[in-house]
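Peer 1: Structure: final_32.pdb, PDB, C-alpha atoms, pLDDT in the B column.
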```pdb
ATOM      1  CA  MET W   1     126.209 136.136 104.856  1.00 79.00           C
ATOM      2  CA  SER W   2     123.078 134.004 104.906  1.00 89.00           C
ATOM      3  CA  MET W   3     120.751 133.968 107.876  1.00 94.00           C
ATOM      4  CA  THR W   4     118.126 131.491 109.029  1.00 97.00           C
ATOM      5  CA  TYR W   5     115.085 132.447 111.051  1.00 97.00           C
ATOM      6  CA  THR W   6     116.787 131.075 114.158  1.00 96.00           C
ATOM      7  CA  ASP W   7     119.837 133.228 113.414  1.00 97.00           C
ATOM      8  CA  LEU W   8     117.673 136.301 112.981  1.00 97.00           C
ATOM      9  CA  LYS W   9     115.827 135.777 116.255  1.00 97.00           C
ATOM     10  CA  ASN W  10     119.066 135.208 118.158  1.00 97.00           C
ATOM     11  CA  ASN W  11     120.687 138.282 116.631  1.00 97.00           C
ATOM     12  CA  VAL W  12     117.709 140.502 117.444  1.00 97.00           C
ATOM     13  CA  GLU W  13     117.732 139.372 121.073  1.00 97.00           C
ATOM     14  CA  GLU W  14     121.502 139.730 121.410  1.00 97.00           C
ATOM     15  CA  VAL W  15     121.578 143.256 119.995  1.00 96.00           C
ATOM     16  CA  THR W  16     118.543 144.494 121.930  1.00 95.00           C
ATOM     17  CA  GLU W  17     119.523 142.525 125.051  1.00 95.00           C
ATOM     18  CA  ASN W  18     115.925 141.447 125.384  1.00 96.00           C
ATOM     19  CA  THR W  19     113.843 138.323 124.867  1.00 97.00           C
ATOM     20  CA  PHE W  20     110.698 138.089 122.781  1.00 97.00           C
ATOM     21  CA  THR W  21     107.927 135.585 122.241  1.00 97.00           C
ATOM     22  CA  ASP W  22     107.608 133.619 119.003  1.00 96.00           C
ATOM     23  CA  ALA W  23     104.618 135.764 118.035  1.00 97.00           C
ATOM     24  CA  GLN W  24     106.641 138.937 118.541  1.00 98.00           C
ATOM     25  CA  HIS W  25     109.582 137.636 116.505  1.00 97.00           C
ATOM     26  CA  LYS W  26     107.156 136.682 113.747  1.00 97.00           C
ATOM     27  CA  LEU W  27     105.699 140.189 113.754  1.00 97.00           C
ATOM     28  CA  PHE W  28     109.132 141.861 113.616  1.00 97.00           C
ATOM     29  CA  THR W  29     110.272 139.628 110.775  1.00 98.00           C
ATOM     30  CA  GLN W  30     107.184 139.964 108.611  1.00 97.00           C
ATOM     31  CA  LEU W  31     107.053 143.744 109.026  1.00 97.00           C
ATOM     32  CA  ALA W  32     110.752 143.927 108.150  1.00 97.00           C
ATOM     33  CA  GLU W  33     110.203 141.802 105.048  1.00 96.00           C
ATOM     34  CA  GLN W  34     107.276 143.951 103.948  1.00 95.00           C
ATOM     35  CA  THR W  35     109.413 147.089 104.273  1.00 94.00           C
ATOM     36  CA  LEU W  36     112.225 145.626 102.176  1.00 94.00           C
ATOM     37  CA  LEU W  37     110.077 143.935  99.553  1.00 93.00           C
ATOM     38  CA  ASN W  38     108.424 147.271  98.802  1.00 91.00           C
ATOM     39  CA  ALA W  39     111.731 149.150  98.666  1.00 89.00           C
ATOM     40  CA  ALA W  40     113.194 147.489  95.552  1.00 86.00           C
ATOM     41  CA  GLN W  41     112.274 145.061  92.784  1.00 85.00           C
ATOM     42  CA  ILE W  42     114.133 141.805  93.354  1.00 85.00           C
ATOM     43  CA  PRO W  43     113.913 138.413  91.595  1.00 86.00           C
ATOM     44  CA  ALA W  44     112.059 136.839  94.521  1.00 88.00           C
ATOM     45  CA  LEU W  45     109.127 139.161  93.849  1.00 91.00           C
ATOM     46  CA  ARG W  46     108.595 137.945  90.295  1.00 92.00           C
ATOM     47  CA  LYS W  47     106.249 135.165  89.328  1.00 95.00           C
ATOM     48  CA  VAL W  48     105.156 134.007  85.871  1.00 96.00           C
ATOM     49  CA  GLU W  49     101.756 132.543  85.006  1.00 96.00           C
ATOM     50  CA  ALA W  50     100.725 131.351  81.550  1.00 95.00           C
ATOM     51  CA  THR W  51      97.068 131.133  80.557  1.00 94.00           C
ATOM     52  CA  THR W  52      95.041 130.771  77.373  1.00 94.00           C
ATOM     53  CA  THR W  53      92.487 133.372  76.366  1.00 93.00           C
ATOM     54  CA  SER W  54      89.013 132.486  75.178  1.00 91.00           C
ATOM     55  CA  ASN W  55      87.196 133.974  72.211  1.00 92.00           C
ATOM     56  CA  GLY W  56      85.018 136.845  73.450  1.00 91.00           C
ATOM     57  CA  ASP W  57      86.357 136.872  77.026  1.00 93.00           C
ATOM     58  CA  ASN W  58      88.208 140.121  77.724  1.00 93.00           C
ATOM     59  CA  THR W  59      89.054 139.608  81.391  1.00 94.00           C
ATOM     60  CA  LEU W  60      91.979 137.915  83.096  1.00 95.00           C
ATOM     61  CA  THR W  61      91.396 136.577  86.604  1.00 95.00           C
ATOM     62  CA  LEU W  62      94.263 137.539  88.867  1.00 95.00           C
ATOM     63  CA  PRO W  63      96.038 134.973  91.075  1.00 94.00           C
ATOM     64  CA  SER W  64      95.372 135.115  94.810  1.00 94.00           C
ATOM     65  CA  ASP W  65      98.940 136.250  95.609  1.00 94.00           C
ATOM     66  CA  TYR W  66      98.917 139.097  93.047  1.00 95.00           C
ATOM     67  CA  LEU W  67     100.400 142.487  93.988  1.00 93.00           C
ATOM     68  CA  TYR W  68     100.983 144.261  90.669  1.00 93.00           C
ATOM     69  CA  THR W  69     101.885 143.527  87.055  1.00 94.00           C
ATOM     70  CA  PHE W  70     105.380 143.633  85.612  1.00 93.00           C
ATOM     71  CA  SER W  71     104.306 142.713  82.090  1.00 94.00           C
ATOM     72  CA  LEU W  72     101.688 140.962  79.990  1.00 96.00           C
ATOM     73  CA  ARG W  73     102.519 139.409  76.652  1.00 96.00           C
ATOM     74  CA  VAL W  74     100.375 137.565  74.137  1.00 95.00           C
ATOM     75  CA  LYS W  75     101.358 135.037  71.473  1.00 93.00           C
ATOM     76  CA  ASP W  76      98.959 134.815  68.535  1.00 86.00           C
ATOM     77  CA  SER W  77      98.226 131.914  66.180  1.00 82.00           C
ATOM     78  CA  ASN W  78     101.252 132.867  64.059  1.00 86.00           C
ATOM     79  CA  ASN W  79     103.546 132.626  67.125  1.00 88.00           C
ATOM     80  CA  VAL W  80     104.069 136.383  67.077  1.00 90.00           C
ATOM     81  CA  THR W  81     104.638 137.699  70.597  1.00 93.00           C
ATOM     82  CA  THR W  82     103.442 141.176  71.560  1.00 93.00           C
ATOM     83  CA  TYR W  83     103.758 142.945  74.905  1.00 96.00           C
ATOM     84  CA  LEU W  84     100.512 144.603  75.955  1.00 96.00           C
ATOM     85  CA  LEU W  85     100.583 148.301  76.878  1.00 96.00           C
ATOM     86  CA  PRO W  86      99.184 149.321  80.290  1.00 96.00           C
ATOM     87  CA  LYS W  87      96.322 151.811  80.177  1.00 95.00           C
ATOM     88  CA  ASP W  88      93.739 153.245  82.507  1.00 94.00           C
ATOM     89  CA  ASN W  89      90.407 151.454  82.464  1.00 91.00           C
ATOM     90  CA  SER W  90      88.678 154.629  81.222  1.00 93.00           C
ATOM     91  CA  PHE W  91      90.864 154.582  78.108  1.00 94.00           C
ATOM     92  CA  LEU W  92      89.774 151.038  77.280  1.00 93.00           C
ATOM     93  CA  GLN W  93      86.133 151.945  77.796  1.00 90.00           C
ATOM     94  CA  GLU W  94      86.413 154.871  75.389  1.00 92.00           C
ATOM     95  CA  ALA W  95      88.671 153.269  72.778  1.00 92.00           C
ATOM     96  CA  PHE W  96      86.946 149.864  72.797  1.00 91.00           C
ATOM     97  CA  PRO W  97      83.327 150.447  73.873  1.00 88.00           C
ATOM     98  CA  ASP W  98      82.056 147.359  72.058  1.00 82.00           C
ATOM     99  CA  SER W  99      83.452 144.197  73.640  1.00 78.00           C
ATOM    100  CA  ASP W 100      82.091 142.210  70.687  1.00 80.00           C
ATOM    101  CA  ASP W 101      84.812 143.698  68.461  1.00 84.00           C
ATOM    102  CA  THR W 102      87.501 141.052  68.725  1.00 90.00           C
ATOM    103  CA  ALA W 103      91.160 140.912  67.706  1.00 92.00           C
ATOM    104  CA  THR W 104      94.574 140.225  69.235  1.00 92.00           C
ATOM    105  CA  PRO W 105      94.803 142.173  72.529  1.00 94.00           C
ATOM    106  CA  LYS W 106      97.118 145.181  72.568  1.00 95.00           C
ATOM    107  CA  PHE W 107      96.270 146.868  75.878  1.00 96.00           C
ATOM    108  CA  TYR W 108      95.370 145.984  79.442  1.00 96.00           C
ATOM    109  CA  ALA W 109      94.048 147.796  82.500  1.00 96.00           C
ATOM    110  CA  GLN W 110      93.323 146.962  86.120  1.00 93.00           C
ATOM    111  CA  LEU W 111      89.579 146.357  86.135  1.00 91.00           C
ATOM    112  CA  SER W 112      89.119 145.423  89.793  1.00 92.00           C
ATOM    113  CA  GLU W 113      90.921 143.837  92.709  1.00 91.00           C
ATOM    114  CA  THR W 114      90.607 140.431  91.057  1.00 95.00           C
ATOM    115  CA  GLU W 115      90.553 141.102  87.303  1.00 96.00           C
ATOM    116  CA  ILE W 116      92.504 142.704  84.479  1.00 95.00           C
ATOM    117  CA  GLN W 117      90.723 143.814  81.318  1.00 95.00           C
ATOM    118  CA  LEU W 118      92.191 143.111  77.880  1.00 95.00           C
ATOM    119  CA  ALA W 119      91.533 145.179  74.772  1.00 94.00           C
ATOM    120  CA  PRO W 120      90.600 144.512  72.101  1.00 94.00           C
ATOM    121  CA  THR W 121      88.643 141.479  73.248  1.00 94.00           C
ATOM    122  CA  PRO W 122      90.559 138.288  72.316  1.00 94.00           C
ATOM    123  CA  SER W 123      89.336 136.768  69.059  1.00 92.00           C
ATOM    124  CA  GLY W 124      90.581 133.288  69.886  1.00 91.00           C
ATOM    125  CA  ALA W 125      92.770 131.099  72.065  1.00 92.00           C
ATOM    126  CA  PHE W 126      95.988 133.082  72.541  1.00 94.00           C
ATOM    127  CA  THR W 127      98.780 132.255  74.957  1.00 94.00           C
ATOM    128  CA  LEU W 128      98.922 134.993  77.572  1.00 95.00           C
ATOM    129  CA  THR W 129     101.991 135.209  79.820  1.00 97.00           C
ATOM    130  CA  HIS W 130     101.581 137.315  82.944  1.00 96.00           C
ATOM    131  CA  THR W 131     104.675 138.339  84.904  1.00 95.00           C
ATOM    132  CA  TYR W 132     103.588 139.802  88.215  1.00 95.00           C
ATOM    133  CA  ALA W 133     104.812 140.655  91.694  1.00 94.00           C
ATOM    134  CA  HIS W 134     103.901 138.654  94.768  1.00 95.00           C
ATOM    135  CA  TYR W 135     105.148 138.430  98.318  1.00 94.00           C
ATOM    136  CA  PRO W 136     107.514 135.431  98.435  1.00 95.00           C
ATOM    137  CA  THR W 137     107.373 132.919 101.273  1.00 95.00           C
ATOM    138  CA  SER W 138     108.279 134.571 104.548  1.00 96.00           C
ATOM    139  CA  LEU W 139     111.330 133.468 106.510  1.00 97.00           C
ATOM    140  CA  VAL W 140     108.983 132.567 109.376  1.00 97.00           C
ATOM    141  CA  ASP W 141     107.262 129.984 107.156  1.00 97.00           C
ATOM    142  CA  VAL W 142     110.298 128.042 105.921  1.00 95.00           C
ATOM    143  CA  ALA W 143     112.229 125.339 107.734  1.00 93.00           C
ATOM    144  CA  SER W 144     114.283 126.509 110.705  1.00 86.00           C
ATOM    145  CA  ASP W 145     117.542 125.760 108.875  1.00 89.00           C
ATOM    146  CA  ALA W 146     116.374 127.234 105.527  1.00 95.00           C
ATOM    147  CA  THR W 147     116.786 130.704 104.069  1.00 96.00           C
ATOM    148  CA  THR W 148     114.908 133.030 101.731  1.00 95.00           C
ATOM    149  CA  TRP W 149     116.209 135.387  99.049  1.00 92.00           C
ATOM    150  CA  LEU W 150     116.294 138.273 101.514  1.00 93.00           C
ATOM    151  CA  SER W 151     117.984 136.338 104.308  1.00 95.00           C
ATOM    152  CA  GLU W 152     120.456 134.849 101.833  1.00 93.00           C
ATOM    153  CA  ASN W 153     121.401 138.010  99.917  1.00 90.00           C
ATOM    154  CA  MET W 154     120.391 140.933 102.122  1.00 90.00           C
ATOM    155  CA  SER W 155     120.695 139.633 105.671  1.00 94.00           C
ATOM    156  CA  SER W 156     122.043 142.961 107.014  1.00 93.00           C
ATOM    157  CA  ALA W 157     119.017 144.861 105.715  1.00 94.00           C
ATOM    158  CA  LEU W 158     116.651 142.236 107.115  1.00 96.00           C
ATOM    159  CA  LEU W 159     118.336 142.347 110.519  1.00 96.00           C
ATOM    160  CA  ASN W 160     118.323 146.143 110.686  1.00 96.00           C
ATOM    161  CA  ALA W 161     114.660 146.284 109.679  1.00 96.00           C
ATOM    162  CA  ALA W 162     113.755 143.691 112.325  1.00 97.00           C
ATOM    163  CA  LEU W 163     115.775 145.558 114.954  1.00 97.00           C
ATOM    164  CA  LEU W 164     113.890 148.761 114.219  1.00 96.00           C
ATOM    165  CA  GLU W 165     110.567 146.955 114.621  1.00 97.00           C
ATOM    166  CA  ALA W 166     111.783 145.455 117.900  1.00 97.00           C
ATOM    167  CA  ALA W 167     112.926 148.878 119.153  1.00 96.00           C
ATOM    168  CA  ARG W 168     109.507 150.358 118.396  1.00 94.00           C
ATOM    169  CA  PHE W 169     107.859 147.489 120.237  1.00 95.00           C
ATOM    170  CA  MET W 170     110.094 148.022 123.290  1.00 95.00           C
ATOM    171  CA  LYS W 171     109.480 151.800 123.166  1.00 94.00           C
ATOM    172  CA  ALA W 172     113.229 152.268 123.086  1.00 93.00           C
ATOM    173  CA  GLU W 173     114.825 155.649 123.714  1.00 94.00           C
ATOM    174  CA  PRO W 174     114.685 158.059 120.749  1.00 94.00           C
ATOM    175  CA  ASP W 175     118.464 157.985 120.287  1.00 94.00           C
ATOM    176  CA  VAL W 176     118.421 154.185 120.076  1.00 92.00           C
ATOM    177  CA  VAL W 177     115.600 154.234 117.530  1.00 94.00           C
ATOM    178  CA  ALA W 178     117.491 156.881 115.546  1.00 95.00           C
ATOM    179  CA  ILE W 179     120.568 154.620 115.383  1.00 93.00           C
ATOM    180  CA  TYR W 180     118.477 151.703 114.111  1.00 93.00           C
ATOM    181  CA  LYS W 181     116.808 153.969 111.552  1.00 94.00           C
ATOM    182  CA  GLU W 182     120.177 155.191 110.295  1.00 95.00           C
ATOM    183  CA  GLN W 183     121.489 151.639 109.991  1.00 93.00           C
ATOM    184  CA  LEU W 184     118.349 150.589 108.126  1.00 93.00           C
ATOM    185  CA  THR W 185     118.570 153.588 105.787  1.00 92.00           C
ATOM    186  CA  ASN W 186     122.158 152.634 104.909  1.00 91.00           C
ATOM    187  CA  SER W 187     121.155 149.001 104.372  1.00 89.00           C
ATOM    188  CA  ILE W 188     118.225 149.951 102.146  1.00 90.00           C
ATOM    189  CA  ALA W 189     120.504 152.168 100.042  1.00 88.00           C
ATOM    190  CA  LEU W 190     122.748 149.168  99.344  1.00 85.00           C
ATOM    191  CA  TYR W 191     119.706 146.958  98.843  1.00 84.00           C
ATOM    192  CA  LYS W 192     118.185 149.333  96.271  1.00 82.00           C
ATOM    193  CA  GLN W 193     121.507 149.695  94.472  1.00 80.00           C
ATOM    194  CA  PHE W 194     121.608 145.912  94.204  1.00 71.00           C
ATOM    195  CA  GLY W 195     117.935 145.265  93.465  1.00 60.00           C
ATOM    196  CA  ASP W 196     116.942 148.232  91.326  1.00 61.00           C
ATOM    197  CA  GLY W 197     120.441 148.801  89.987  1.00 55.00           C
ATOM    198  CA  LYS W 198     122.715 145.839  89.404  1.00 52.00           C
ATOM    199  CA  LEU W 199     120.035 143.168  89.054  1.00 51.00           C
ATOM    200  CA  ARG W 200     118.123 145.228  86.494  1.00 52.00           C
ATOM    201  CA  GLY W 201     121.051 146.806  84.707  1.00 49.00           C
ATOM    202  CA  ASP W 202     123.088 145.816  81.695  1.00 50.00           C
ATOM    203  CA  VAL W 203     126.707 146.929  81.402  1.00 44.00           C
ATOM    204  CA  TYR W 204     126.552 146.920  77.597  1.00 46.00           C
ATOM    205  CA  ARG W 205     123.531 149.253  77.520  1.00 51.00           C
ATOM    206  CA  ASP W 206     123.833 151.185  80.760  1.00 50.00           C
ATOM    207  CA  GLY W 207     127.562 151.239  81.412  1.00 50.00           C
ATOM    208  CA  GLN W 208     129.035 150.407  84.779  1.00 47.00           C
ATOM    209  CA  ARG W 209     127.633 152.374  87.693  1.00 51.00           C
ATOM    210  CA  LYS W 210     130.090 154.929  88.989  1.00 51.00           C
ATOM    211  CA  VAL W 211     130.531 155.733  92.654  1.00 47.00           C
ATOM    212  CA  GLN W 212     132.429 158.829  93.725  1.00 50.00           C
ATOM    213  CA  VAL W 213     135.782 158.032  95.338  1.00 38.00           C
ATOM    214  CA  ASN W 214     136.994 160.411  98.042  1.00 44.00           C
TER     215      ASN W 214
END
```
Could I get this file's structure written as structure tokens?
Peer 2:
Amino acid sequence: MSMTYTDLKNNVEEVTENTFTDAQHKLFTQLAEQTLLNAAQIPALRKVEATTTSNGDNTLTLPSDYLYTFSLRVKDSNNVTTYLLPKDNSFLQEAFPDSDDTATPKFYAQLSETEIQLAPTPSGAFTLTHTYAHYPTSLVDVASDATTWLSENMSSALLNAALLEAARFMKAEPDVVAIYKEQLTNSIALYKQFGDGKLRGDVYRDGQRKVQVN
């Protein structure tokens, strides 16, 4: 069942039997989204950026919406594609102390908040494809009749997460908060099974997931 932002706000107010300001609804929704987006790896998190390396430049500037890296791959002049291996920055400093030694990069490490270091230093113009995680557009920032991946595919989890945030805001009774927490825990279990399980699995390689039948 898909859910628009208007639907979500109405549902939260109906369940809690309370009214909230637009700012409060925005807070509940964005906190709920942050909880869910960090609970499982879903397609909406992934973004792909292609750049070209420069001879002698061993750093990659990260995009402004960067959270973390899924993968980095480089295509050399012979169209051979290689996935770079993640390493700690200290390993790159020890293994490749001289940045003037250039070749096709094989490793990468998080250098700072805004840069990734490549090693060895690129010896030319290679195509570098960076697949990384980012926070997708929030439901509060799309059109009132539009949806997002979460509100389209995991509306129950989004609603339960927003309800828990609303209950905390209202300083609801502990038993009420406990009910919302239990509902959210159940929703996240299904969400993780879908996001980290089915969306990332392969029946041929992994086999079908088995659930115990009582």
Peer 1: W:Gln93, W:Asn78, W:Val15, W:Gln30: which is nearest Leu158 of chain W, counting all atoms listed in the file?
Peer 2: W:Gln30
Peer 1: Using the chain letters and numbers from this file, what does the PyMOL selection byres ((chain W and resi 8) around 12) select? Give the answer as a CSV table (one decimal) with C-alpha atoms, in the frame of the given file.
Peer 2:
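What landed in part.csv:
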```csv
chain,number,residue,atom,x,y,z
W,1,MET,CA,126.2,136.1,104.9
W,2,SER,CA,123.1,134.0,104.9
W,3,MET,CA,120.8,134.0,107.9
W,4,THR,CA,118.1,131.5,109.0
W,5,TYR,CA,115.1,132.4,111.1
W,6,THR,CA,116.8,131.1,114.2
W,7,ASP,CA,119.8,133.2,113.4
W,9,LYS,CA,115.8,135.8,116.3
W,10,ASN,CA,119.1,135.2,118.2
W,11,ASN,CA,120.7,138.3,116.6
W,12,VAL,CA,117.7,140.5,117.4
W,13,GLU,CA,117.7,139.4,121.1
W,14,GLU,CA,121.5,139.7,121.4
W,15,VAL,CA,121.6,143.3,120.0
W,25,HIS,CA,109.6,137.6,116.5
W,26,LYS,CA,107.2,136.7,113.7
W,28,PHE,CA,109.1,141.9,113.6
W,29,THR,CA,110.3,139.6,110.8
W,30,GLN,CA,107.2,140.0,108.6
W,32,ALA,CA,110.8,143.9,108.2
W,139,LEU,CA,111.3,133.5,106.5
W,140,VAL,CA,109.0,132.6,109.4
W,144,SER,CA,114.3,126.5,110.7
W,145,ASP,CA,117.5,125.8,108.9
W,146,ALA,CA,116.4,127.2,105.5
W,147,THR,CA,116.8,130.7,104.1
W,150,LEU,CA,116.3,138.3,101.5
W,151,SER,CA,118.0,136.3,104.3
W,152,GLU,CA,120.5,134.8,101.8
W,155,SER,CA,120.7,139.6,105.7
W,156,SER,CA,122.0,143.0,107.0
W,157,ALA,CA,119.0,144.9,105.7
W,158,LEU,CA,116.7,142.2,107.1
W,159,LEU,CA,118.3,142.3,110.5
W,160,ASN,CA,118.3,146.1,110.7
W,161,ALA,CA,114.7,146.3,109.7
W,162,ALA,CA,113.8,143.7,112.3
W,163,LEU,CA,115.8,145.6,115.0
W,166,ALA,CA,111.8,145.5,117.9
```
Peer 1: Produce a table with one row for each residue of segment 13-129 of chain W that has an atom at most 8 Å from any atom of segment 188-191 of chain W, each row naming the nearest atom pair and its distance in Å at one decimal; use all atoms listed in the file; arrange rows by chain and rising residue number; format as a tab-separated table.
Peer 2:
```
residue	atom	partner	partner_atom	distance
W:Leu36	CA	W:Ile188	CA	7.4
W:Ala39	CA	W:Ile188	CA	7.4
W:Ala40	CA	W:Tyr191	CA	7.3
```
Peer 1: Those selected residues, please, written with C-alpha atoms and delivered as a compact mmCIF listing (two decimals), in the frame of the given file.
Peer 2:
```txt
# COMPACT_ATOMS: atom_id res chain seq x y z
CA LEU W 36 112.22 145.63 102.18
CA ALA W 39 111.73 149.15 98.67
CA ALA W 40 113.19 147.49 95.55
```
Peer 1: Which one of W:Trp149, W:Tyr83, W:Phe91, W:Phe126 sits closest to Ala103 of chain W if you count only C-alpha atoms?
Peer 2: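 Of W:Trp149, W:Tyr83, W:Phe91, W:Phe126, the one nearest Ala103 of chain W is W:Phe126, counting only C-alpha atoms.
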Peer 1: Rounded to one decimal, what separation in Å do you get between atom CA of Asp98 of chain W and atom CA of Leu60 of chain W?
Peer 2: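 Going from atom CA of Asp98 of chain W over to atom CA of Leu60 of chain W, I get 17.6 Å.
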Peer 1: Which protein, DNA or RNA residues have an atom at most 7 Å from (92.2, 130.6, 75.9), counting only C-alpha atoms? List them as a PyMOL selection string.
Peer 2: chain W and resi 51-54+124-127
Peer 1: Please identify all polymer residues within 8 Å of segment 108-117 of chain W, counting all atoms listed in the file, omitting same-chain residues fewer than 2 positions from it, and present them as a list in words.
Peer 2: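 So, after excluding close chain neighbours, the residues are Asn58, Thr59, Leu60, Thr61, Leu62, Pro63, Leu84, Leu85, Pro86, Lys87, Asp88, Asn89, Leu92, Pro105, Lys106 and Ala119 of chain W.
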Peer 1: If you measure from atom CA of Thr81 of chain W to atom CA of Asn55 of chain W, what distance in Å do you get, rounded to one decimal?
Peer 2: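 Between atom CA of Thr81 of chain W and atom CA of Asn55 of chain W the gap works out to 17.9 Å.
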Peer 1: Could you name the residues that touch Asp100 of chain W at 9 Å or less, counting only C-alpha atoms, but leaving out those on the same chain fewer than 4 positions away, as a ChimeraX atom specification?
Peer 2: /W:56,120-121
Peer 1: What does the file look like for those residues with C-alpha atoms, as a JSON list (two decimals), keeping the file's coordinate frame?
Peer 2:
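Output file selection19.json follows:
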```
[["chain", "number", "residue", "atom", "x", "y", "z"],
["W", 56, "GLY", "CA", 85.02, 136.84, 73.45],
["W", 120, "PRO", "CA", 90.60, 144.51, 72.10],
["W", 121, "THR", "CA", 88.64, 141.48, 73.25]]
```
Peer 1: I'd like the interatomic distance between atom CA of Ala95 of chain W and atom CA of Ser77 of chain W, to a tenth of an Å.
Peer 2: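 Computed distance, atom CA of Ala95 of chain W to atom CA of Ser77 of chain W, equals 24.3 Å.
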Peer 1: Which is closest to Met154 of chain W among W:Lys192, W:His130, W:Lys181, W:Lys171, if we use all atoms listed in the file?
Peer 2: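 Using all atoms listed in the file, Met154 of chain W sits closest to W:Lys192.
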Peer 1: Where's the centre, and what are the edge lengths in Å to one decimal, of a box along x, y and z enclosing all listed atoms of segment 155-161 of chain W padded 4 Å per side, as JSON?
Peer 2:
```
{"center_x": 118.4, "center_y": 143.0, "center_z": 108.2, "size_x": 15.4, "size_y": 14.7, "size_z": 13.0}
```
Peer 1: Evaluated on this file, the PyMOL selection byres ((chain W and resi 72) around 8) picks out some residues - which ones are they, written as a PyMOL selection string?
Peer 2: chain W and resi 69-71+73-74+83-84+128-131
Peer 1: Take the residues from that selection and put them in a file with C-alpha atoms, as a PDB file, in the frame of the given file.
Peer 2:
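Listing of result-v1.pdb after writing:
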```pdb
ATOM      1  CA  THR W  69     101.885 143.527  87.055  1.00 94.00           C
ATOM      2  CA  PHE W  70     105.380 143.633  85.612  1.00 93.00           C
ATOM      3  CA  SER W  71     104.306 142.713  82.090  1.00 94.00           C
ATOM      4  CA  ARG W  73     102.519 139.409  76.652  1.00 96.00           C
ATOM      5  CA  VAL W  74     100.375 137.565  74.137  1.00 95.00           C
ATOM      6  CA  TYR W  83     103.758 142.945  74.905  1.00 96.00           C
ATOM      7  CA  LEU W  84     100.512 144.603  75.955  1.00 96.00           C
ATOM      8  CA  LEU W 128      98.922 134.993  77.572  1.00 95.00           C
ATOM      9  CA  THR W 129     101.991 135.209  79.820  1.00 97.00           C
ATOM     10  CA  HIS W 130     101.581 137.315  82.944  1.00 96.00           C
ATOM     11  CA  THR W 131     104.675 138.339  84.904  1.00 95.00           C
TER      12      THR W 131
END
```
Peer 1: I want to know what sits within 9 Å of Asp65 of chain W, based on all atoms listed in the file, with residues of the same chain fewer than 3 positions away left out; could you give that as a list of chain:residue names?
Peer 2: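 The residues that qualify are W:Leu62, W:Ala133, W:His134, W:Tyr135.
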